[in-house]
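Colleague: Before we start, here is the structure in question, set down as structure tokens.
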Amino acid sequence: MDRDHHDESGAADTAATAARQVDRAERAAVTEDRHVGDLDLTSWRSRAGHAAAEGWAALGRRYGALPLLVVTLLVGIGIAATATWAASEVYDAVRASDDVAVLDRPVLDWMLTLRSPFADQAVTWWTDIAGTIGMPIVAVCFLVGFTVQRRAWTPLVLLVAASGGSLLMTVAGKDLIGRARPPLSDAVPPYEHSPSFPSGHTLNATVIVGTIVYLLILRQSRVVTRVWTIALGTLFVLSVGVSRVFLGHHWTTDVLAAWALGLAWLALVVTAHRLYLTALDRGAHPVQRGPAPAIR
């Protein structure tokens, strides 16, 4: 009996120690991550933003800031999926009148004039970085680095949620629209046969690289470093989108839609993190505080 009580006490102590370590690491994030230059991410100037921040802080004090962040991102994924459905409906209406699709054929024809064996191979290599193998490798490398460096769960939660939402939006968009890709005669092998709208490479690169850039600039104190980080991230995202059209794997409007959807989801991820930081700043615990274990 005493041994069982000792084991339970030891487990409770271990859990309490782990919770305190999470507390320290996540609370340090408020100091380290709340400012981007002179911008305070926990300051909400609009009346609606201020009211939302107060509500989130109250919920964070009751349920824990980190669990609330997870729930917020899950709700955000639902919003992103709904936005993808709405975008598909709008796109269908616009495509029916040929107002946007009129860009697609001329742009692809121009891209055909730029091709050469060397350019085709180089662009194929570059676009593969944002593919189903390259992008997860990039995400995992940064994820491990962020988690080890910061000793906090926030980067893991943000990157996993961002990636999951991006994947859901890609699958939903392709299933809802089912748009055919450019003719194989205009494409550079290896060929792709899944639906064309939206460009998954572009959408995933926008969201994942955008989240990585956001997490990086939170800990960069020099303006020039932040500018270069944002510029390089933007250049990568833009170049991936252009590469999809260059190779004839997507129409221009597939890429434009992917950029728009990706930026919208990225904005939701950043807003969720700002609410999380605000909740911590206003007294919420990173993890939910349960009742003290009963003494037997």
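Chain labels run A, B, ... following the order of the structure tokens; each chain numbers its residues from 1, and ligands are numbered from 1 in the order shown.
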Give the alpha helix (DSSP H) residues of segment 36-115 of chain A, as DSSP finds them on the backbone, and put them as a PyMOL selection string.

Modeller: chain A and resi 47-63+65-97+104-112

Colleague: Near Val240 of chain A, counting only C-alpha atoms, which residues have an atom at most 8 Å away, once you skip same-chain residues fewer than 6 positions from it, shown as a list in words?

Modeller: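 Residues near the query, excluding close chain neighbours: Trp126, Thr127, Ala130, His201, Thr202 and Ala205 of chain A.
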
Colleague: Quick check, in Å to one decimal: how far apart do atom CA of Ala161 of chain A and atom CA of Leu218 of chain A lie?

Modeller: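 Interatomic distance here is 18.4 Å.
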
Colleague: Which is closest to Leu167 of chain A among A:Pro190, A:Pro155, A:Gly262, A:Pro117, if we use only C-alpha atoms?

Modeller: A:Gly262

Colleague: Which neighbours of Tyr191 of chain A fall inside 10 Å, counting only C-alpha atoms, when residues of the same chain fewer than 6 positions from it are skipped, and could you give them as a PyMOL selection string?

Modeller: chain A and resi 181+184+247-249

Colleague: Write the selection just made, keeping all heavy atoms, as a compact mmCIF listing (two decimals), in the first residue's frame?

Modeller:
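Writing the result to result-v1.txt gives the following:
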```txt
# COMPACT_ATOMS: atom_id res chain seq x y z
N ARG A 181 -5.95 19.90 -65.52
CA ARG A 181 -4.67 20.59 -65.66
C ARG A 181 -4.44 20.98 -67.12
O ARG A 181 -5.16 20.53 -68.01
CB ARG A 181 -3.52 19.69 -65.18
CG ARG A 181 -3.52 19.44 -63.67
CD ARG A 181 -2.37 18.55 -63.27
NE ARG A 181 -2.40 18.22 -61.85
CZ ARG A 181 -1.69 18.85 -60.92
NH1 ARG A 181 -0.90 19.86 -61.27
NH2 ARG A 181 -1.78 18.50 -59.65
N LEU A 184 -1.12 17.79 -71.46
CA LEU A 184 0.19 17.18 -71.25
C LEU A 184 1.19 17.63 -72.32
O LEU A 184 2.41 17.66 -72.06
CB LEU A 184 0.06 15.66 -71.26
CG LEU A 184 -0.73 15.04 -70.10
CD1 LEU A 184 -0.71 13.52 -70.21
CD2 LEU A 184 -0.16 15.48 -68.75
N LEU A 247 6.13 25.10 -65.68
CA LEU A 247 6.21 23.68 -66.04
C LEU A 247 4.94 23.17 -66.69
O LEU A 247 4.89 22.01 -67.12
CB LEU A 247 6.52 22.86 -64.79
CG LEU A 247 7.89 23.12 -64.14
CD1 LEU A 247 8.00 22.38 -62.82
CD2 LEU A 247 9.03 22.70 -65.07
N GLY A 248 3.89 24.00 -66.76
CA GLY A 248 2.64 23.56 -67.35
C GLY A 248 1.87 22.61 -66.46
O GLY A 248 1.02 21.84 -66.94
N HIS A 249 2.14 22.64 -65.14
CA HIS A 249 1.43 21.75 -64.21
C HIS A 249 0.18 22.41 -63.65
O HIS A 249 -0.68 21.72 -63.07
CB HIS A 249 2.37 21.35 -63.07
CG HIS A 249 3.49 20.48 -63.52
ND1 HIS A 249 4.56 20.16 -62.72
CD2 HIS A 249 3.74 19.86 -64.71
CE1 HIS A 249 5.42 19.39 -63.38
NE2 HIS A 249 4.94 19.20 -64.59
```

Colleague: Pick out the closest residue to Ile79 of chain A from this set: A:Asp254, A:Leu168, A:Ala231, A:Ile217. Count only C-alpha atoms.

Modeller: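 Answer, going by the shortest atom-to-atom distance: A:Leu168.
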
Colleague: Could you check how far atom CA of Gly64 of chain A sits from atom CA of Val157 of chain A, in Å to one decimal?

Modeller: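 Atom-to-atom, atom CA of Gly64 of chain A to atom CA of Val157 of chain A, that is 14.5 Å.
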
Colleague: Quote the spacing between atom CA of Leu59 of chain A and atom CA of Ala279 of chain A in Å to one decimal place.

Modeller: 8.1 Å
